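The structure file protein.cif is reproduced below (mmCIF, C-alpha atoms).
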data_upload
#
loop_
_atom_site.group_PDB
_atom_site.id
_atom_site.type_symbol
_atom_site.label_atom_id
_atom_site.label_comp_id
_atom_site.auth_asym_id
_atom_site.auth_seq_id
_atom_site.Cartn_x
_atom_site.Cartn_y
_atom_site.Cartn_z
ATOM 1 C CA MET C 1 -46.169 12.060 11.901
ATOM 2 C CA THR C 2 -45.254 15.513 13.046
ATOM 3 C CA ASP C 3 -43.623 14.110 16.180
ATOM 4 C CA VAL C 4 -41.419 11.724 14.226
ATOM 5 C CA SER C 5 -40.252 14.500 11.911
ATOM 6 C CA ALA C 6 -39.439 16.693 14.860
ATOM 7 C CA GLU C 7 -37.511 13.902 16.498
ATOM 8 C CA ILE C 8 -35.335 13.310 13.402
ATOM 9 C CA THR C 9 -34.598 16.993 13.040
ATOM 10 C CA SER C 10 -33.648 17.170 16.672
ATOM 11 C CA GLU C 11 -31.327 14.193 16.341
ATOM 12 C CA ASP C 12 -29.686 15.612 13.235
ATOM 13 C CA ALA C 13 -29.209 18.955 14.851
ATOM 14 C CA SER C 14 -27.751 17.474 17.992
ATOM 15 C CA GLY C 15 -25.463 15.217 15.985
ATOM 16 C CA ALA C 16 -24.167 18.066 13.875
ATOM 17 C CA THR C 17 -23.475 20.368 16.772
ATOM 18 C CA ALA C 18 -22.160 17.811 19.255
ATOM 19 C CA PRO C 19 -18.558 18.608 20.192
ATOM 20 C CA GLU C 20 -15.989 16.053 19.130
ATOM 21 C CA PRO C 21 -14.336 14.251 22.041
ATOM 22 C CA PRO C 22 -10.830 15.471 22.835
ATOM 23 C CA THR C 23 -8.031 13.388 21.425
ATOM 24 C CA ASN C 24 -5.719 11.612 23.818
ATOM 25 C CA PRO C 25 -2.210 13.095 23.348
ATOM 26 C CA LEU C 26 -0.487 9.799 24.056
ATOM 27 C CA LEU C 27 -2.716 7.836 21.685
ATOM 28 C CA SER C 28 -2.386 10.541 19.011
ATOM 29 C CA SER C 29 1.387 10.404 19.228
ATOM 30 C CA PHE C 30 1.232 6.604 19.145
ATOM 31 C CA ALA C 31 -0.983 6.753 16.053
ATOM 32 C CA PHE C 32 1.423 9.130 14.271
ATOM 33 C CA TRP C 33 4.473 6.962 14.926
ATOM 34 C CA GLY C 34 2.423 3.860 14.164
ATOM 35 C CA PHE C 35 1.886 5.113 10.624
ATOM 36 C CA VAL C 36 5.548 6.120 10.319
ATOM 37 C CA VAL C 37 6.514 2.566 11.316
ATOM 38 C CA PHE C 38 3.906 1.291 8.827
ATOM 39 C CA ILE C 39 5.704 3.158 6.010
ATOM 40 C CA LEU C 40 9.123 2.078 7.261
ATOM 41 C CA ALA C 41 8.049 -1.575 7.515
ATOM 42 C CA TYR C 42 6.829 -1.661 3.932
ATOM 43 C CA CYS C 43 9.986 0.127 2.764
ATOM 44 C CA GLY C 44 11.950 -2.666 4.448
ATOM 45 C CA THR C 45 9.737 -5.321 2.867
ATOM 46 C CA LEU C 46 10.077 -3.826 -0.615
ATOM 47 C CA LEU C 47 13.836 -3.363 -0.198
ATOM 48 C CA GLY C 48 14.049 -6.972 0.989
ATOM 49 C CA ALA C 49 12.260 -8.054 -2.176
ATOM 50 C CA PHE C 50 14.835 -6.039 -4.141
ATOM 51 C CA ALA C 51 17.640 -7.817 -2.288
ATOM 52 C CA VAL C 52 16.175 -11.196 -3.239
ATOM 53 C CA GLN C 53 15.842 -9.973 -6.832
ATOM 54 C CA LEU C 54 19.250 -8.345 -7.258
ATOM 55 C CA VAL C 55 21.466 -10.292 -4.854
ATOM 56 C CA GLY C 56 19.663 -13.625 -5.080
ATOM 57 C CA GLY C 57 19.209 -13.302 -8.845
ATOM 58 C CA GLU C 58 15.507 -14.178 -8.729
ATOM 59 C CA PHE C 59 13.160 -12.493 -11.173
ATOM 60 C CA PRO C 60 9.825 -11.313 -9.783
ATOM 61 C CA CYS C 61 6.802 -12.825 -11.506
ATOM 62 C CA PRO C 62 3.695 -10.758 -12.407
ATOM 63 C CA LEU C 63 1.934 -11.744 -9.181
ATOM 64 C CA CYS C 64 5.019 -10.727 -7.176
ATOM 65 C CA MET C 65 4.944 -7.315 -8.855
ATOM 66 C CA LEU C 66 1.208 -6.992 -8.209
ATOM 67 C CA GLN C 67 1.852 -7.604 -4.516
ATOM 68 C CA ARG C 68 4.455 -4.831 -4.583
ATOM 69 C CA TYR C 69 1.869 -2.549 -6.210
ATOM 70 C CA ALA C 70 -0.623 -3.395 -3.457
ATOM 71 C CA MET C 71 1.984 -2.676 -0.780
ATOM 72 C CA ILE C 72 2.629 0.725 -2.344
ATOM 73 C CA LEU C 73 -1.114 1.349 -2.733
ATOM 74 C CA ALA C 74 -1.595 0.567 0.968
ATOM 75 C CA THR C 75 1.320 2.753 2.031
ATOM 76 C CA ILE C 76 0.425 5.875 0.008
ATOM 77 C CA PRO C 77 -2.555 6.646 2.326
ATOM 78 C CA ALA C 78 -0.292 6.104 5.353
ATOM 79 C CA MET C 79 2.144 8.605 3.855
ATOM 80 C CA TRP C 80 -0.778 10.976 3.312
ATOM 81 C CA ILE C 81 -1.713 10.711 7.003
ATOM 82 C CA VAL C 82 1.866 11.406 8.120
ATOM 83 C CA LEU C 83 2.312 14.372 5.760
ATOM 84 C CA GLU C 84 -1.043 15.921 6.680
ATOM 85 C CA ALA C 85 -0.213 15.494 10.363
ATOM 86 C CA LEU C 86 3.137 17.205 9.769
ATOM 87 C CA ARG C 87 1.369 20.055 7.951
ATOM 88 C CA GLY C 88 -1.289 20.278 10.670
ATOM 89 C CA THR C 89 -4.114 19.764 8.173
ATOM 90 C CA LEU C 90 -5.173 16.263 9.212
ATOM 91 C CA THR C 91 -8.828 16.083 10.198
ATOM 92 C CA ARG C 92 -10.735 13.078 11.531
ATOM 93 C CA GLY C 93 -12.541 12.702 8.206
ATOM 94 C CA ARG C 94 -9.335 12.728 6.179
ATOM 95 C CA TYR C 95 -7.752 10.294 8.626
ATOM 96 C CA VAL C 96 -10.570 7.762 8.338
ATOM 97 C CA ARG C 97 -10.627 8.155 4.542
ATOM 98 C CA SER C 98 -6.935 7.264 4.336
ATOM 99 C CA ILE C 99 -7.380 4.288 6.669
ATOM 100 C CA GLY C 100 -10.160 3.028 4.417
ATOM 101 C CA MET C 101 -7.923 3.338 1.354
ATOM 102 C CA SER C 102 -5.191 1.314 3.072
ATOM 103 C CA ILE C 103 -7.635 -1.432 4.029
ATOM 104 C CA VAL C 104 -8.971 -1.666 0.472
ATOM 105 C CA ALA C 105 -5.436 -1.912 -0.932
ATOM 106 C CA ALA C 106 -4.484 -4.535 1.656
ATOM 107 C CA CYS C 107 -7.559 -6.573 0.719
ATOM 108 C CA ALA C 108 -6.511 -6.441 -2.949
ATOM 109 C CA GLY C 109 -2.976 -7.447 -1.969
ATOM 110 C CA SER C 110 -4.365 -10.347 0.061
ATOM 111 C CA VAL C 111 -6.179 -11.592 -3.040
ATOM 112 C CA PHE C 112 -2.985 -11.370 -5.128
ATOM 113 C CA ALA C 113 -0.906 -13.176 -2.495
ATOM 114 C CA THR C 114 -3.541 -15.836 -1.863
ATOM 115 C CA ARG C 115 -3.734 -16.545 -5.586
ATOM 116 C CA GLN C 116 0.011 -17.168 -5.684
ATOM 117 C CA ILE C 117 -0.082 -19.340 -2.556
ATOM 118 C CA LEU C 118 -2.840 -21.454 -4.099
ATOM 119 C CA LEU C 119 -0.781 -21.889 -7.289
ATOM 120 C CA HIS C 120 1.830 -23.686 -5.194
ATOM 121 C CA ILE C 121 -0.406 -25.400 -2.660
ATOM 122 C CA LEU C 122 0.010 -28.962 -3.989
ATOM 123 C CA PRO C 123 2.291 -31.274 -1.954
ATOM 124 C CA GLY C 124 5.757 -31.476 -3.460
ATOM 125 C CA ASP C 125 5.506 -28.103 -5.209
ATOM 126 C CA PRO C 126 8.743 -26.224 -4.454
ATOM 127 C CA GLY C 127 7.030 -22.850 -4.738
ATOM 128 C CA TYR C 128 8.221 -19.805 -6.657
ATOM 129 C CA GLY C 129 11.618 -18.479 -5.623
ATOM 130 C CA SER C 130 13.481 -19.212 -2.445
ATOM 131 C CA ALA C 131 12.011 -19.243 1.051
ATOM 132 C CA VAL C 132 12.867 -16.633 3.661
ATOM 133 C CA LEU C 133 12.687 -17.873 7.258
ATOM 134 C CA GLY C 134 10.792 -20.894 6.054
ATOM 135 C CA LEU C 135 8.116 -19.020 4.114
ATOM 136 C CA HIS C 136 8.028 -17.825 0.516
ATOM 137 C CA LEU C 137 7.816 -14.114 -0.159
ATOM 138 C CA TYR C 138 4.180 -14.271 -1.261
ATOM 139 C CA THR C 139 3.265 -15.947 2.039
ATOM 140 C CA TRP C 140 5.055 -13.184 3.920
ATOM 141 C CA ALA C 141 3.216 -10.678 1.735
ATOM 142 C CA LEU C 142 -0.135 -12.135 2.776
ATOM 143 C CA ILE C 143 0.899 -11.905 6.447
ATOM 144 C CA THR C 144 1.845 -8.225 6.025
ATOM 145 C CA PHE C 145 -1.480 -7.446 4.341
ATOM 146 C CA GLN C 146 -3.348 -9.058 7.237
ATOM 147 C CA ILE C 147 -1.288 -7.033 9.703
ATOM 148 C CA VAL C 148 -2.166 -3.851 7.788
ATOM 149 C CA ILE C 149 -5.881 -4.694 7.889
ATOM 150 C CA VAL C 150 -5.774 -5.358 11.632
ATOM 151 C CA PHE C 151 -3.657 -2.259 12.342
ATOM 152 C CA CYS C 152 -5.919 -0.006 10.280
ATOM 153 C CA GLY C 153 -8.989 -1.556 11.885
ATOM 154 C CA VAL C 154 -7.652 -0.810 15.364
ATOM 155 C CA MET C 155 -6.707 2.738 14.339
ATOM 156 C CA ALA C 156 -10.212 3.245 12.919
ATOM 157 C CA LEU C 157 -11.696 1.981 16.187
ATOM 158 C CA LEU C 158 -9.575 4.489 18.100
ATOM 159 C CA ASN C 159 -10.189 7.376 15.678
ATOM 160 C CA ARG C 160 -12.448 9.293 18.074
ATOM 161 C CA HIS C 161 -9.602 9.557 20.560
ATOM 162 C CA ALA C 162 -6.439 9.256 18.497
ATOM 163 C CA VAL C 163 -6.164 11.352 15.353
ATOM 164 C CA PRO C 164 -2.398 11.379 14.661
ATOM 165 C CA VAL C 165 -0.584 14.493 15.789
ATOM 166 C CA ALA C 166 2.950 15.213 14.588
ATOM 167 C CA PRO C 167 5.629 15.876 17.196
ATOM 168 C CA SER C 168 6.885 19.413 17.662
ATOM 169 C CA GLY C 169 10.572 18.515 17.890
ATOM 170 C CA SER C 170 12.567 19.219 14.744
ATOM 171 C CA VAL C 171 14.539 15.959 14.924
ATOM 172 C CA ALA C 172 11.394 13.845 15.207
ATOM 173 C CA ARG C 173 9.756 15.714 12.323
ATOM 174 C CA LEU C 174 12.896 15.283 10.228
ATOM 175 C CA ALA C 175 12.901 11.547 10.984
ATOM 176 C CA ALA C 176 9.295 11.235 9.826
ATOM 177 C CA LYS C 177 10.078 13.190 6.637
ATOM 178 C CA ALA C 178 13.110 10.969 6.014
ATOM 179 C CA VAL C 179 10.868 7.899 6.124
ATOM 180 C CA VAL C 180 8.548 9.547 3.590
ATOM 181 C CA TRP C 181 11.519 10.293 1.325
ATOM 182 C CA LEU C 182 12.718 6.707 1.688
ATOM 183 C CA PHE C 183 9.295 5.482 0.573
ATOM 184 C CA LEU C 184 9.310 7.803 -2.453
ATOM 185 C CA GLY C 185 12.764 6.446 -3.335
ATOM 186 C CA VAL C 186 11.485 2.878 -3.076
ATOM 187 C CA ILE C 187 8.631 3.688 -5.483
ATOM 188 C CA VAL C 188 11.059 5.251 -7.987
ATOM 189 C CA ALA C 189 13.283 2.159 -7.710
ATOM 190 C CA ASN C 190 10.274 -0.052 -8.422
ATOM 191 C CA VAL C 191 9.353 2.036 -11.468
ATOM 192 C CA VAL C 192 12.885 1.564 -12.828
ATOM 193 C CA ALA C 193 12.808 -2.154 -11.949
ATOM 194 C CA ILE C 194 9.554 -2.838 -13.762
ATOM 195 C CA ILE C 195 10.663 -0.904 -16.856
ATOM 196 C CA VAL C 196 13.964 -2.819 -17.031
ATOM 197 C CA LEU C 197 12.243 -6.134 -16.328
ATOM 198 C CA GLU C 198 9.341 -5.676 -18.721
ATOM 199 C CA GLY C 199 11.071 -3.816 -21.536
ATOM 200 C CA VAL C 200 8.851 -2.672 -24.373
ATOM 201 C CA ALA C 201 5.792 -4.761 -23.531
ATOM 202 C CA TRP C 202 2.425 -4.324 -21.843
ATOM 203 C CA VAL C 203 2.783 -7.161 -19.348
ATOM 204 C CA LEU C 204 5.445 -9.331 -17.753
ATOM 205 C CA PRO C 205 5.876 -12.915 -18.932
ATOM 206 C CA ASP C 206 4.477 -15.482 -16.471
ATOM 207 C CA ASN C 207 7.960 -16.764 -15.613
ATOM 208 C CA PRO C 208 10.485 -14.011 -16.346
ATOM 209 C CA THR C 209 14.045 -15.249 -16.848
ATOM 210 C CA GLN C 210 15.776 -12.080 -17.996
ATOM 211 C CA TYR C 211 15.650 -8.290 -17.925
ATOM 212 C CA ASN C 212 13.746 -7.735 -21.169
ATOM 213 C CA LEU C 213 14.814 -4.119 -21.668
ATOM 214 C CA LEU C 214 18.496 -5.041 -21.510
ATOM 215 C CA THR C 215 17.909 -7.838 -24.000
ATOM 216 C CA GLN C 216 15.952 -5.568 -26.304
ATOM 217 C CA LEU C 217 18.749 -3.004 -26.154
ATOM 218 C CA GLY C 218 21.304 -5.714 -26.836
ATOM 219 C CA ILE C 219 23.039 -5.190 -23.477
ATOM 220 C CA GLY C 220 21.981 -8.291 -21.536
ATOM 221 C CA MET P 221 3.606 1.767 -11.327
ATOM 222 C CA VAL P 222 3.964 5.193 -12.911
ATOM 223 C CA VAL P 223 0.422 6.009 -11.759
ATOM 224 C CA LEU P 224 1.356 4.988 -8.217
ATOM 225 C CA LEU P 225 4.427 7.218 -8.375
ATOM 226 C CA ALA P 226 2.222 10.064 -9.609
ATOM 227 C CA ALA P 227 -0.199 9.475 -6.706
ATOM 228 C CA ALA P 228 2.662 9.499 -4.201
ATOM 229 C CA ILE P 229 4.069 12.713 -5.678
ATOM 230 C CA ALA P 230 0.576 14.232 -5.604
ATOM 231 C CA VAL P 231 0.360 13.423 -1.896
ATOM 232 C CA TYR P 232 3.807 14.890 -1.284
ATOM 233 C CA ARG P 233 3.009 18.042 -3.260
ATOM 234 C CA ASP P 234 -0.294 18.421 -1.377
ATOM 235 C CA TRP P 235 -2.583 18.309 -4.404
ATOM 236 C CA SER P 236 -6.344 18.390 -3.863
ATOM 237 C CA SER P 237 -7.892 15.343 -2.195
ATOM 238 C CA THR P 238 -10.034 14.622 -5.244
ATOM 239 C CA ARG P 239 -7.057 14.365 -7.576
ATOM 240 C CA ILE P 240 -5.072 12.218 -5.139
ATOM 241 C CA VAL P 241 -7.944 9.813 -4.551
ATOM 242 C CA ALA P 242 -8.626 9.693 -8.304
ATOM 243 C CA LEU P 243 -4.999 8.798 -9.046
ATOM 244 C CA TRP P 244 -5.016 6.194 -6.283
ATOM 245 C CA VAL P 245 -8.237 4.631 -7.583
ATOM 246 C CA VAL P 246 -6.829 4.536 -11.131
ATOM 247 C CA GLY P 247 -3.751 2.731 -9.765
ATOM 248 C CA LEU P 248 -5.928 0.258 -7.879
ATOM 249 C CA VAL P 249 -8.170 -0.436 -10.868
ATOM 250 C CA LEU P 250 -5.190 -0.915 -13.194
ATOM 251 C CA SER P 251 -3.679 -3.361 -10.698
ATOM 252 C CA LEU P 252 -6.934 -5.300 -10.547
ATOM 253 C CA LEU P 253 -7.170 -5.364 -14.351
ATOM 254 C CA LEU P 254 -3.592 -6.609 -14.540
ATOM 255 C CA PHE P 255 -4.445 -9.285 -11.983
ATOM 256 C CA ASN P 256 -7.485 -10.263 -14.016
ATOM 257 C CA TYR P 257 -5.298 -10.611 -17.115
ATOM 258 C CA HIS P 258 -2.761 -12.854 -15.400
ATOM 259 C CA VAL P 259 -5.394 -14.946 -13.639
ATOM 260 C CA THR P 260 -7.308 -15.642 -16.826
ATOM 261 C CA SER P 261 -4.351 -16.087 -19.191
ATOM 262 C CA SER P 262 -3.867 -19.678 -20.324
ATOM 263 C CA LEU P 263 -1.073 -21.684 -18.738
ATOM 264 C CA ASP P 264 1.218 -23.909 -20.779
ATOM 265 C CA LEU P 265 0.352 -27.156 -19.020
ATOM 266 C CA SER P 266 0.749 -30.709 -20.218
ATOM 267 C CA PHE P 267 -0.088 -33.932 -18.365
#
Take the structure from the file and write it as structure tokens.
Amino acid sequence: MTDVSAEITSEDASGATAPEPPTNPLLSSFAFWGFVVFILAYCGTLLGAFAVQLVGGEFPCPLCMLQRYAMILATIPAMWIVLEALRGTLTRGRYVRSIGMSIVAACAGSVFATRQILLHILPGDPGYGSAVLGLHLYTWALITFQIVIVFCGVMALLNRHAVPVAPSGSVARLAAKAVVWLFLGVIVANVVAIIVLEGVAWVLPDNPTQYNLLTQLGIG
Amino acid sequence: MVVLLAAAIAVYRDWSSTRIVALWVVGLVLSLLLFNYHVTSSLDLSF
């Protein structure tokens, strides 16, 4: 009994004091820019959805909006990683925490997108909205959520050697900050969009056909 | 969506981790509740 106790204490002590392995500079830089691209990719996806909505004249349904929420929920932790790396306050623990948050959000988004795919799974169903490159937006959304899960999983696997490190060059840092600002702008645009679409109501109608706020104000 | 914006601003303004995670979790839970509402609402179907 005494031996076992001593063994556990020894293991705990050795685990707590063991030095962390050095991060690989190349992998750390790759990880940083990987998360910047992650943010940029979802900005592009959300702006593309806006283009379909505003240029194509298609109104997003509640499930479409929920998928946008999930994309934003998955990207906020990525933004947190990039900003903490830029500030020099990113630790391995904080990094893994943010990765976990992104995976959880991507799982939720996968559920939302899968639900919408299943609503239109019957043969002959035209689907909701128009197709882009042969697939509907909710199918593309599911693909992006799977990519996020795989990317975050790989980054988590590499976390012992690749905690993101921000570049020292001012141009590169400015570029990363610009992507963060773009993402914040996309969120603000979505807030405005949902308010105009929903109007004074708690939820969106299942098949929105107008901008409710404009109608309620007598403009639309 | 406003909660998500608040979470993003909290991250940008470097608020404490607890508050950021709390805001993020609130946003996630509200999204799931909204999903639950739309999944369980009755559809106007006729055959």
Edge lengths and centre in Å to one decimal, as AutoDock Vina command-line options, is what I'm after for the box along x, y and z that holds all listed atoms of segment 166-183 of chain C once 5 Å is added on each side.
--center_x 8.7 --center_y 12.4 --center_z 9.2 --size_x 21.6 --size_y 23.9 --size_z 27.3
Next on the checklist: List the spatial neighbours of Pro164 of chain C as a PyMOL selection string - criterion: any atom at most 8 Å away, all atoms listed in the file, same-chain residues fewer than 3 positions off excluded.
Outcome noted: chain C and resi 27-32+81-82+85+90
Checklist entry - In Å to one decimal, how far is atom CA of Gln146 of chain C from atom CA of Ile229 of chain P? => result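 Spanning atom CA of Ile229 of chain P to atom CA of Gln146 of chain C is a straight-line distance of 26.4 Å.
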Next on the checklist: Which residues, named as in the file, does the PyMOL selection byres ((chain P) within 9 of (chain C)) pick out? Answer as a ChimeraX atom specification.
Outcome noted: /P:221-222,224-225,227-229,231-232,234,237,241,244,247-248,251-252,254-255,258-259,263
Next on the checklist: Residues proximal to (0.3, -2.7, 7.3) were defined as those with any atom within 10 Å of that point in the file's coordinates, counting all atoms listed in the file. Which are they, as a list in words?
Outcome noted: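 The requested residues, written out, are Gly34, Phe35, Val37, Phe38, Ile39, Ala41, Tyr42, Met71, Ala74, Thr75, Ala78, Ser102, Ile103, Ala106, Ile143, Thr144, Phe145, Gln146, Ile147, Val148, Ile149, Val150, Phe151 and Cys152 of chain C.
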Checklist entry - Any idea what the distance is between atom CA of Ala230 of chain P and atom CA of Gln53 of chain C? => result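 Between atom CA of Ala230 of chain P and atom CA of Gln53 of chain C the gap is 28.6 Å.
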Next on the checklist: Just to confirm, what's the straight-line distance from atom CA of Ile240 of chain P to atom CA of Asn24 of chain C in Å (one decimal)?
Outcome noted: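 Those two atoms sit 29.0 Å apart.
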